[in-house]
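What follows is the content of target.csv (CSV, C-alpha atoms and all ligand atoms).
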```csv
chain,number,residue,atom,x,y,z
A,1,MET,CA,75.8,198.5,78.0
A,2,LEU,CA,78.1,197.4,75.1
A,3,LEU,CA,77.4,196.0,71.7
A,4,TYR,CA,80.0,193.4,71.0
A,5,PRO,CA,80.8,192.7,67.3
A,6,LEU,CA,81.5,189.0,67.3
A,7,GLY,CA,81.4,187.4,63.8
A,8,MET,CA,78.0,188.1,62.2
A,9,GLY,CA,76.3,188.5,65.6
A,10,VAL,CA,76.0,191.4,67.9
A,11,ILE,CA,75.9,190.6,71.6
A,12,THR,CA,74.6,192.9,74.2
A,13,THR,CA,76.2,192.7,77.6
A,14,THR,CA,78.1,194.8,80.1
A,15,MET,CA,81.8,194.9,80.1
A,16,GLU,CA,81.8,194.9,83.9
A,17,ASP,CA,79.8,191.7,83.9
A,18,ILE,CA,82.1,189.9,81.5
A,19,MET,CA,85.3,191.0,83.2
A,20,LYS,CA,84.1,190.1,86.7
A,21,ASN,CA,82.5,186.8,86.1
A,22,TYR,CA,84.0,184.9,83.2
A,23,PRO,CA,87.4,183.3,82.4
A,24,ILE,CA,87.9,185.7,79.5
A,25,ARG,CA,89.3,188.1,82.2
A,26,TRP,CA,92.4,185.9,82.5
A,27,SER,CA,92.2,183.3,79.6
A,28,TRP,CA,94.9,185.3,77.6
A,29,ILE,CA,97.4,183.4,79.8
A,30,ILE,CA,96.4,180.2,77.9
A,31,ILE,CA,97.3,181.5,74.5
A,32,ILE,CA,100.6,182.9,75.7
A,33,THR,CA,101.4,179.6,77.4
A,34,PHE,CA,100.5,177.8,74.1
A,35,PHE,CA,102.9,179.9,72.1
A,36,ILE,CA,105.7,179.6,74.7
A,37,LEU,CA,105.3,175.8,74.9
A,38,GLY,CA,105.2,175.5,71.1
A,39,ALA,CA,108.4,177.6,70.8
A,40,PHE,CA,110.1,175.0,73.1
A,41,ASP,CA,108.6,172.0,71.4
A,42,ILE,CA,106.6,172.3,68.2
A,43,ARG,CA,104.6,169.2,69.2
A,44,PHE,CA,102.7,171.3,71.7
A,45,GLY,CA,101.3,173.0,68.6
A,46,ILE,CA,98.7,170.2,68.4
A,47,LEU,CA,96.9,172.0,71.3
A,48,GLY,CA,95.8,174.5,68.7
A,49,ILE,CA,93.0,172.0,68.0
A,50,VAL,CA,91.5,172.8,71.4
A,51,CYS,CA,91.5,176.6,70.6
A,52,MET,CA,90.0,176.1,67.2
A,53,GLY,CA,87.6,173.4,68.1
A,54,THR,CA,86.1,174.7,71.3
A,55,PRO,CA,84.0,177.5,69.8
A,56,ILE,CA,82.6,175.0,67.3
A,57,LEU,CA,81.8,172.5,70.0
A,58,HIS,CA,80.0,175.1,72.0
A,59,ALA,CA,78.0,176.2,68.9
A,60,LEU,CA,77.1,172.6,68.0
A,61,ARG,CA,75.8,172.1,71.6
A,62,GLY,CA,73.4,175.0,70.9
A,63,GLU,CA,75.4,177.5,73.0
A,64,GLY,CA,75.9,180.0,70.2
A,65,LYS,CA,78.8,182.4,70.7
A,66,VAL,CA,79.3,181.6,74.4
A,67,HIS,CA,83.0,180.9,73.7
A,68,CYS,CA,83.6,184.3,72.2
A,69,ILE,CA,81.9,186.1,75.2
A,70,LYS,CA,83.1,184.1,78.1
A,71,TYR,CA,86.3,182.1,77.3
A,72,CYS,CA,88.2,182.9,74.2
A,73,PRO,CA,92.0,183.2,75.0
A,74,ARG,CA,92.7,185.2,71.8
A,75,GLY,CA,89.8,187.6,72.3
A,76,SER,CA,90.9,188.0,75.9
A,77,PHE,CA,94.4,188.9,74.8
A,78,LEU,CA,93.3,191.4,72.2
A,79,GLY,CA,90.8,193.1,74.5
A,80,LYS,CA,93.2,193.3,77.4
A,81,PHE,CA,96.5,194.4,75.8
A,82,LEU,CA,95.5,196.4,72.8
A,83,ALA,CA,93.0,198.8,74.3
A,84,LYS,CA,95.7,201.3,75.3
A,85,ILE,CA,97.7,201.2,72.0
A,86,SER,CA,94.9,200.8,69.5
A,87,LEU,CA,94.7,203.6,66.9
A,88,GLY,CA,90.9,202.9,66.8
A,89,TYR,CA,90.4,203.5,63.0
A,90,ALA,CA,87.1,202.3,61.6
A,91,LEU,CA,87.2,198.9,60.1
A,92,PRO,CA,86.8,199.0,56.3
A,93,LYS,CA,83.2,198.2,55.5
A,94,PHE,CA,84.0,195.3,53.2
A,95,MET,CA,85.5,193.4,56.1
A,96,GLY,CA,82.2,193.3,57.8
A,97,THR,CA,80.3,191.8,54.9
A,98,ARG,CA,79.1,188.2,54.8
A,99,GLN,CA,81.0,187.6,51.5
A,100,PHE,CA,84.3,188.6,53.1
A,101,LYS,CA,83.8,186.4,56.1
A,102,ASN,CA,82.6,183.4,54.0
A,103,GLY,CA,85.7,183.9,51.8
A,104,LEU,CA,88.0,183.9,54.8
A,105,LEU,CA,86.3,180.9,56.3
A,106,MET,CA,86.7,179.0,53.0
A,107,LEU,CA,90.3,180.1,52.7
A,108,MET,CA,91.1,178.9,56.2
A,109,GLY,CA,89.3,175.5,55.5
A,110,THR,CA,91.2,175.0,52.2
A,111,VAL,CA,94.6,175.9,53.6
A,112,PHE,CA,94.0,173.8,56.6
A,113,THR,CA,92.8,170.8,54.7
A,114,PHE,CA,95.9,171.1,52.5
A,115,ALA,CA,98.1,171.3,55.5
A,116,ILE,CA,96.6,168.1,57.0
A,117,PHE,CA,97.0,166.2,53.8
A,118,HIS,CA,100.5,167.5,53.4
A,119,SER,CA,101.4,166.3,56.9
A,120,GLY,CA,100.8,162.7,55.7
A,121,GLY,CA,99.7,161.7,59.2
A,122,ASP,CA,103.0,162.9,60.7
A,123,PHE,CA,102.2,164.2,64.3
A,124,THR,CA,105.0,166.8,64.3
A,125,LYS,CA,104.0,168.2,60.9
A,126,LEU,CA,100.4,168.4,62.0
A,127,ALA,CA,101.3,170.1,65.2
A,128,SER,CA,103.5,172.5,63.3
A,129,ALA,CA,100.6,173.3,60.9
A,130,PHE,CA,98.3,174.1,63.9
A,131,TYR,CA,101.0,176.2,65.5
A,132,ARG,CA,101.7,178.1,62.3
A,133,PHE,CA,98.0,178.8,61.7
A,134,MET,CA,97.5,180.0,65.3
A,135,GLY,CA,100.6,182.2,65.1
A,136,ILE,CA,99.6,183.8,61.8
A,137,SER,CA,96.1,184.5,62.8
A,138,PHE,CA,97.4,185.9,66.2
A,139,ILE,CA,99.7,188.3,64.4
A,140,VAL,CA,97.0,189.4,62.0
A,141,GLY,CA,94.7,189.9,64.9
A,142,ILE,CA,97.2,192.0,66.8
A,143,LEU,CA,97.9,194.2,63.7
A,144,MET,CA,94.2,194.7,63.1
A,145,GLY,CA,93.7,195.5,66.8
A,146,ILE,CA,96.4,198.1,66.7
A,147,THR,CA,95.1,199.7,63.5
A,148,TYR,CA,91.4,199.4,64.2
A,149,LYS,CA,89.5,198.6,67.4
A,150,PRO,CA,91.3,196.1,69.8
A,151,ARG,CA,89.0,193.2,68.9
A,152,SER,CA,88.5,193.9,65.3
A,153,TRP,CA,89.8,190.4,64.5
A,154,CYS,CA,86.6,189.1,66.1
A,155,VAL,CA,84.6,190.7,63.3
A,156,VAL,CA,86.3,188.5,60.6
A,157,CYS,CA,87.5,185.6,62.7
A,158,PRO,CA,86.7,182.3,60.8
A,159,MET,CA,85.9,180.5,64.1
A,160,GLY,CA,83.6,183.2,65.2
A,161,HIS,CA,81.9,183.3,61.8
A,162,ALA,CA,81.6,179.5,61.8
A,163,THR,CA,79.8,179.6,65.2
A,164,GLN,CA,77.4,182.2,63.8
A,165,VAL,CA,76.7,180.0,60.7
A,166,ILE,CA,76.0,177.0,62.9
A,167,LYS,CA,73.7,179.1,65.1
A,168,GLU,CA,71.8,180.3,62.0
A,169,ILE,CA,71.4,176.7,60.8
A,170,GLN,CA,70.1,175.7,64.2
A,171,VAL,CA,67.6,178.5,64.3
A,172,ALA,CA,66.5,177.8,60.7
A,173,LYS,CA,65.9,174.1,61.2
A,174,PRO,CA,63.0,174.2,63.6
A,175,GLN,CA,61.3,176.9,61.4
A,176,VAL,CA,61.6,174.6,58.4
A,177,SER,CA,60.2,171.6,60.2
A,178,THR,CA,57.4,173.7,61.7
A,179,ALA,CA,56.5,175.0,58.2
A,180,SER,CA,56.5,171.4,56.8
A,181,ARG,CA,54.3,170.2,59.6
A,182,GLN,CA,51.9,173.0,58.9
A,183,VAL,CA,51.8,172.1,55.2
A,184,THR,CA,51.3,168.4,56.0
A,185,ALA,CA,48.4,169.2,58.4
A,186,ARG,CA,46.8,171.5,55.9
A,187,ASP,CA,47.0,168.9,53.1
A,188,ASN,CA,45.5,166.2,55.3
B,1,LIG,S1,85.5,185.8,67.2
B,1,LIG,FE1,87.3,184.4,67.2
B,1,LIG,S2,89.0,185.5,68.3
B,1,LIG,FE2,87.0,186.6,68.7
B,1,LIG,S3,86.3,185.8,70.6
B,1,LIG,FE3,85.3,184.5,69.0
B,1,LIG,S4,86.7,182.8,68.6
B,1,LIG,FE4,87.8,184.3,69.8
```

What do you get writing this file as structure tokens?
Ligand code: SF4
Amino acid sequence: MLLYPLGMGVITTTMEDIMKNYPIRWSWIIIITFFILGAFDIRFGILGIVCMGTPILHALRGEGKVHCIKYCPRGSFLGKFLAKISLGYALPKFMGTRQFKNGLLMLMGTVFTFAIFHSGGDFTKLASAFYRFMGISFIVGILMGITYKPRSWCVVCPMGHATQVIKEIQVAKPQVSTASRQVTARDN
């Protein structure tokens, strides 16, 4: 049984189960194909929207971190190729804190919003911004995976953290409405 550090959450599952049954076994091919296509024609960079948007869509549909566990091409690549070369140092504690992850998420949001405005609606510039963003985070993920554990990037990943935040909001909402229903019933 493994404990998987994905964003804020910890998921308990077996590695055998994941590797046997889910696309994460081979989905690394998708991210490599994405980078190759983008190198030939930067307009393919727009496909980065799919990679960045899918975890959020899953989370909004109430499926929590299913993307991280079963599908993520980036997570697939890091887990598959860095296991043998990873130095395995412990991740600095501050990187696991909520503040750090919030900061990284906000930084990503700001940089990204700026890039979208800067593109002025130009498709190629927008695609290039997505490609650049995917490339930088991929390189940082690899460097982290070599220095620390292979999927250390998943601890700080803004998309993984965003899915966790969405999940927390979804869990908190019913509790708030239940509490307000109880107050209303008591007052009546
Ligand atoms: S935390 Fe990020 S990189 Fe890791 S599996 Fe989830 S979406 Fe992919």

Counting all atoms listed in the file, which protein, DNA or RNA residues come within 8 Å of ligand LIG 1 (chain B), given as a list in words?
Leu6, Gly7, Met52, Pro55, Lys65, His67, Cys68, Ile69, Tyr71, Cys72, Pro73, Arg74, Gly75, Ser76, Gly141, Arg151, Trp153, Cys154, Val155, Val156, Cys157, Pro158, Met159, Gly160 and His161 of chain A

Please, what distance in Å, to one decimal, runs between CA of Phe112 (chain A) and CA of Phe34 (chain A)?
19.1 Å

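The nearest approach to Pro92 (chain A) among the residues A:Phe117, A:Tyr148, A:Phe35, A:Trp26, with all atoms listed in the file taken into account, belongs to A:Tyr148.
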
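Taking all atoms listed in the file, the non-local environment of Gly145 (chain A) within 10 Å (same-chain residues fewer than 2 positions away omitted) comprises Leu78, Gly79, Phe81, Leu82, Ala83, Ile85, Ser86, Leu87, Gly88, Tyr89, Leu91, Ile139, Val140, Gly141, Ile142, Leu143, Thr147, Tyr148, Lys149, Pro150, Arg151, Ser152, Trp153 and Cys154 of chain A.
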
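Here the question is which of A:Leu105, A:Pro23, A:Phe44, A:Ala39 gets nearest to Thr124 (chain A) using only C-alpha atoms, and that residue is A:Phe44.
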
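Between Val165 (chain A) and the residues A:Ala115, A:Ile24, A:Leu47, A:Leu60, the shortest atom-to-atom distance, using all atoms listed in the file, involves A:Leu60.
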
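Residues in contact with region 36-38 of chain A at up to 10 Å, not including ones fewer than 3 positions away on its chain and judged by only C-alpha atoms, are Ile30, Ile31, Ile32, Thr33, Asp41, Ile42, Arg43, Phe44, Gly45, Ile46, Leu47, Gly48, Ala127, Ser128, Tyr131 and Arg132 of chain A.
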
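Checking A:Thr113, A:Thr163, A:Ser27, A:Ser137 one by one against Leu57 (chain A), counting only C-alpha atoms, you find the shortest gap at A:Thr163.
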
From the set A:Asp122, A:Ala162, A:Gly135, A:Phe40, which residue has the shortest atom-to-atom contact distance to Lys101 (chain A), counting only C-alpha atoms?
A:Ala162

Separating CA of Lys70 (chain A) from CA of Ile29 (chain A), to the nearest tenth of an Å, is a gap of 14.4 Å

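Of the listed residues A:Leu104, A:Val111, A:Val66, A:Cys51, the one whose atoms come nearest to Lys167 (chain A) is A:Val66, with distances taken using only C-alpha atoms.
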
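CA of Ile136 (chain A) sits 16.3 Å away from CA of Met106 (chain A).
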
Have region 34-70 of chain A completed to N, CA and C atoms, please, and pass it along as a PDB file, in the frame of the given file.
```
ATOM      1  N   PHE A  34     100.460 178.690  75.336  1.00  0.00           N
ATOM      2  CA  PHE A  34     100.500 177.800  74.100  1.00  0.00           C
ATOM      3  C   PHE A  34     101.661 178.228  73.235  1.00  0.00           C
ATOM      4  N   PHE A  35     101.841 179.520  72.989  1.00  0.00           N
ATOM      5  CA  PHE A  35     102.900 179.900  72.100  1.00  0.00           C
ATOM      6  C   PHE A  35     104.303 179.665  72.696  1.00  0.00           C
ATOM      7  N   ILE A  36     104.416 179.831  74.018  1.00  0.00           N
ATOM      8  CA  ILE A  36     105.700 179.600  74.700  1.00  0.00           C
ATOM      9  C   ILE A  36     106.030 178.060  74.588  1.00  0.00           C
ATOM     10  N   LEU A  37     105.037 177.236  74.905  1.00  0.00           N
ATOM     11  CA  LEU A  37     105.300 175.800  74.900  1.00  0.00           C
ATOM     12  C   LEU A  37     105.634 175.340  73.449  1.00  0.00           C
ATOM     13  N   GLY A  38     104.915 175.883  72.454  1.00  0.00           N
ATOM     14  CA  GLY A  38     105.200 175.500  71.100  1.00  0.00           C
ATOM     15  C   GLY A  38     106.564 175.959  70.604  1.00  0.00           C
ATOM     16  N   ALA A  39     107.063 177.082  71.167  1.00  0.00           N
ATOM     17  CA  ALA A  39     108.400 177.600  70.800  1.00  0.00           C
ATOM     18  C   ALA A  39     109.466 176.601  71.342  1.00  0.00           C
ATOM     19  N   PHE A  40     109.172 175.997  72.509  1.00  0.00           N
ATOM     20  CA  PHE A  40     110.100 175.000  73.100  1.00  0.00           C
ATOM     21  C   PHE A  40     110.033 173.691  72.366  1.00  0.00           C
ATOM     22  N   ASP A  41     108.815 173.280  72.090  1.00  0.00           N
ATOM     23  CA  ASP A  41     108.600 172.000  71.400  1.00  0.00           C
ATOM     24  C   ASP A  41     107.408 172.107  70.519  1.00  0.00           C
ATOM     25  N   ILE A  42     107.648 172.057  69.223  1.00  0.00           N
ATOM     26  CA  ILE A  42     106.600 172.300  68.200  1.00  0.00           C
ATOM     27  C   ILE A  42     105.417 171.346  68.382  1.00  0.00           C
ATOM     28  N   ARG A  43     105.677 170.205  69.031  1.00  0.00           N
ATOM     29  CA  ARG A  43     104.600 169.200  69.200  1.00  0.00           C
ATOM     30  C   ARG A  43     103.447 169.738  70.035  1.00  0.00           C
ATOM     31  N   PHE A  44     103.754 170.741  70.892  1.00  0.00           N
ATOM     32  CA  PHE A  44     102.700 171.300  71.700  1.00  0.00           C
ATOM     33  C   PHE A  44     101.689 172.100  70.780  1.00  0.00           C
ATOM     34  N   GLY A  45     102.122 172.352  69.539  1.00  0.00           N
ATOM     35  CA  GLY A  45     101.300 173.000  68.600  1.00  0.00           C
ATOM     36  C   GLY A  45      99.929 172.329  68.356  1.00  0.00           C
ATOM     37  N   ILE A  46      99.924 171.031  68.627  1.00  0.00           N
ATOM     38  CA  ILE A  46      98.700 170.200  68.400  1.00  0.00           C
ATOM     39  C   ILE A  46      97.569 170.765  69.313  1.00  0.00           C
ATOM     40  N   LEU A  47      97.944 171.451  70.403  1.00  0.00           N
ATOM     41  CA  LEU A  47      96.900 172.000  71.300  1.00  0.00           C
ATOM     42  C   LEU A  47      96.081 173.074  70.621  1.00  0.00           C
ATOM     43  N   GLY A  48      96.567 173.537  69.470  1.00  0.00           N
ATOM     44  CA  GLY A  48      95.800 174.500  68.700  1.00  0.00           C
ATOM     45  C   GLY A  48      94.402 173.950  68.339  1.00  0.00           C
ATOM     46  N   ILE A  49      94.315 172.603  68.281  1.00  0.00           N
ATOM     47  CA  ILE A  49      93.000 172.000  68.000  1.00  0.00           C
ATOM     48  C   ILE A  49      91.985 172.391  69.032  1.00  0.00           C
ATOM     49  N   VAL A  50      92.433 172.491  70.282  1.00  0.00           N
ATOM     50  CA  VAL A  50      91.500 172.800  71.400  1.00  0.00           C
ATOM     51  C   VAL A  50      90.982 174.265  71.139  1.00  0.00           C
ATOM     52  N   CYS A  51      91.929 175.158  70.829  1.00  0.00           N
ATOM     53  CA  CYS A  51      91.500 176.600  70.600  1.00  0.00           C
ATOM     54  C   CYS A  51      90.587 176.726  69.457  1.00  0.00           C
ATOM     55  N   MET A  52      90.871 175.971  68.379  1.00  0.00           N
ATOM     56  CA  MET A  52      90.000 176.100  67.200  1.00  0.00           C
ATOM     57  C   MET A  52      88.740 175.314  67.289  1.00  0.00           C
ATOM     58  N   GLY A  53      88.804 174.222  68.034  1.00  0.00           N
ATOM     59  CA  GLY A  53      87.600 173.400  68.100  1.00  0.00           C
ATOM     60  C   GLY A  53      86.598 173.756  69.140  1.00  0.00           C
ATOM     61  N   THR A  54      87.053 174.390  70.227  1.00  0.00           N
ATOM     62  CA  THR A  54      86.100 174.700  71.300  1.00  0.00           C
ATOM     63  C   THR A  54      84.951 175.594  70.906  1.00  0.00           C
ATOM     64  N   PRO A  55      85.200 176.689  70.159  1.00  0.00           N
ATOM     65  CA  PRO A  55      84.000 177.500  69.800  1.00  0.00           C
ATOM     66  C   PRO A  55      83.025 176.713  68.944  1.00  0.00           C
ATOM     67  N   ILE A  56      83.531 175.809  68.098  1.00  0.00           N
ATOM     68  CA  ILE A  56      82.600 175.000  67.300  1.00  0.00           C
ATOM     69  C   ILE A  56      81.820 174.040  68.119  1.00  0.00           C
ATOM     70  N   LEU A  57      82.501 173.419  69.100  1.00  0.00           N
ATOM     71  CA  LEU A  57      81.800 172.500  70.000  1.00  0.00           C
ATOM     72  C   LEU A  57      80.681 173.175  70.750  1.00  0.00           C
ATOM     73  N   HIS A  58      81.008 174.356  71.282  1.00  0.00           N
ATOM     74  CA  HIS A  58      80.000 175.100  72.000  1.00  0.00           C
ATOM     75  C   HIS A  58      78.796 175.409  71.092  1.00  0.00           C
ATOM     76  N   ALA A  59      79.110 175.830  69.866  1.00  0.00           N
ATOM     77  CA  ALA A  59      78.000 176.200  68.900  1.00  0.00           C
ATOM     78  C   ALA A  59      77.192 174.958  68.587  1.00  0.00           C
ATOM     79  N   LEU A  60      77.862 173.804  68.381  1.00  0.00           N
ATOM     80  CA  LEU A  60      77.100 172.600  68.000  1.00  0.00           C
ATOM     81  C   LEU A  60      76.223 172.137  69.184  1.00  0.00           C
ATOM     82  N   ARG A  61      76.620 172.503  70.418  1.00  0.00           N
ATOM     83  CA  ARG A  61      75.800 172.100  71.600  1.00  0.00           C
ATOM     84  C   ARG A  61      74.660 173.159  71.781  1.00  0.00           C
ATOM     85  N   GLY A  62      74.529 174.075  70.833  1.00  0.00           N
ATOM     86  CA  GLY A  62      73.400 175.000  70.900  1.00  0.00           C
ATOM     87  C   GLY A  62      73.726 176.220  71.815  1.00  0.00           C
ATOM     88  N   GLU A  63      75.029 176.435  72.129  1.00  0.00           N
ATOM     89  CA  GLU A  63      75.400 177.500  73.000  1.00  0.00           C
ATOM     90  C   GLU A  63      75.816 178.788  72.304  1.00  0.00           C
ATOM     91  N   GLY A  64      75.618 178.787  70.996  1.00  0.00           N
ATOM     92  CA  GLY A  64      75.900 180.000  70.200  1.00  0.00           C
ATOM     93  C   GLY A  64      77.337 180.467  70.356  1.00  0.00           C
ATOM     94  N   LYS A  65      77.473 181.758  70.660  1.00  0.00           N
ATOM     95  CA  LYS A  65      78.800 182.400  70.700  1.00  0.00           C
ATOM     96  C   LYS A  65      79.336 182.476  72.137  1.00  0.00           C
ATOM     97  N   VAL A  66      78.933 181.537  72.977  1.00  0.00           N
ATOM     98  CA  VAL A  66      79.300 181.600  74.400  1.00  0.00           C
ATOM     99  C   VAL A  66      80.870 181.615  74.530  1.00  0.00           C
ATOM    100  N   HIS A  67      81.560 180.885  73.637  1.00  0.00           N
ATOM    101  CA  HIS A  67      83.000 180.900  73.700  1.00  0.00           C
ATOM    102  C   HIS A  67      83.602 182.257  73.521  1.00  0.00           C
ATOM    103  N   CYS A  68      83.071 182.977  72.544  1.00  0.00           N
ATOM    104  CA  CYS A  68      83.600 184.300  72.200  1.00  0.00           C
ATOM    105  C   CYS A  68      83.333 185.277  73.432  1.00  0.00           C
ATOM    106  N   ILE A  69      82.213 185.119  74.086  1.00  0.00           N
ATOM    107  CA  ILE A  69      81.900 186.100  75.200  1.00  0.00           C
ATOM    108  C   ILE A  69      82.573 185.741  76.458  1.00  0.00           C
ATOM    109  N   LYS A  70      82.695 184.456  76.765  1.00  0.00           N
ATOM    110  CA  LYS A  70      83.100 184.100  78.100  1.00  0.00           C
ATOM    111  C   LYS A  70      84.550 183.526  78.215  1.00  0.00           C
TER     112      LYS A  70
END
```
